[in-house]
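A.B. asks: Got a structure for you, questions after.
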Amino acid sequence: MQKKYIEKGNLGGKGTETHKAAVVGDTVGDPFKDTSGPSLNILVKLSAILSLVFVPFFIQYGGLLTS
């Protein structure tokens with residue numbers, strides 16, 4: 001989106017360093033987003049499951065709650 005905004009003449013327009021940076025960001029960013037998104041989704045789910053599994057351990061040995 002930023003690349004198209006620059007190509008319309010904003011922030012110096014085409015051919016500027018800003019435009020070159022936007023093109024690189026668009027070229028690198030899209031494949032990175034497509035590959036890292038699913039793997040980060042798995043990581044978030046795994047950390048949520050691990051936190052639920054270890055809650056009894058944290059309560060017993062963590063010292064945060066008094067009983």
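Every chain in the structure tokens has a letter given in the order shown (A, B, ...), and although residue numbers restart at 1 in each chain, ligands are simply numbered from 1 in the order shown.
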Give me the residues within 7 Å of His19 in chain A as a PyMOL selection string, counting only C-alpha atoms and dropping any in the same chain fewer than 5 places off.
C.D. replies: chain A and resi 3+6+13-14
A.B. asks: Any chance you could list, as a ChimeraX atom specification, the residues in chain A that come up alpha helix (DSSP H) when DSSP is run on the backbone?
C.D. replies: /A:2-7,17-53,55-62
A.B. asks: Between CA of Glu7 in chain A and CA of Lys20 in chain A, measure the distance and give it in Å to one decimal.
C.D. replies: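 If I compute the distance from CA of Glu7 in chain A to CA of Lys20 in chain A, I get 10.6 Å.
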A.B. asks: If you measure from CA of Gly15 in chain A to CA of Lys33 in chain A, what distance in Å do you get, rounded to one decimal?
C.D. replies: 25.6 Å
A.B. asks: Rounded to one decimal, what separation in Å do you get between CA of Leu43 in chain A and CA of Val24 in chain A?
C.D. replies: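 Atom-to-atom, CA of Leu43 in chain A to CA of Val24 in chain A, that is 27.5 Å.
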A.B. asks: Excluding Val23 in chain A and residues on its chain fewer than 4 positions from it, collect all residues at most 10 Å away from it, counting only C-alpha atoms, and give them as JSON, numbers by chain.
C.D. replies: {"A": [2, 3, 4, 6, 17, 18, 19, 27, 28, 29]}
A.B. asks: Please produce a file of the residues just selected, as a PDB file, in the first residue's frame, where the atoms kept are C-alpha atoms.
C.D. replies:
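New file part_30.pdb:
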ATOM      1  CA  GLN A   2       2.824   2.386   0.825  1.00  0.00           C
ATOM      2  CA  LYS A   3       4.436   1.733  -2.568  1.00  0.00           C
ATOM      3  CA  LYS A   4       1.279   2.731  -4.425  1.00  0.00           C
ATOM      4  CA  ILE A   6       4.490   6.871  -3.224  1.00  0.00           C
ATOM      5  CA  GLU A  17      15.157   6.470  -2.451  1.00  0.00           C
ATOM      6  CA  THR A  18      11.827   6.303  -0.643  1.00  0.00           C
ATOM      7  CA  HIS A  19      10.264   4.531  -3.601  1.00  0.00           C
ATOM      8  CA  THR A  27       9.251  -7.554  -2.411  1.00  0.00           C
ATOM      9  CA  VAL A  28      10.691  -8.926   0.839  1.00  0.00           C
ATOM     10  CA  GLY A  29       7.719  -8.316   3.101  1.00  0.00           C
TER      11      GLY A  29
END
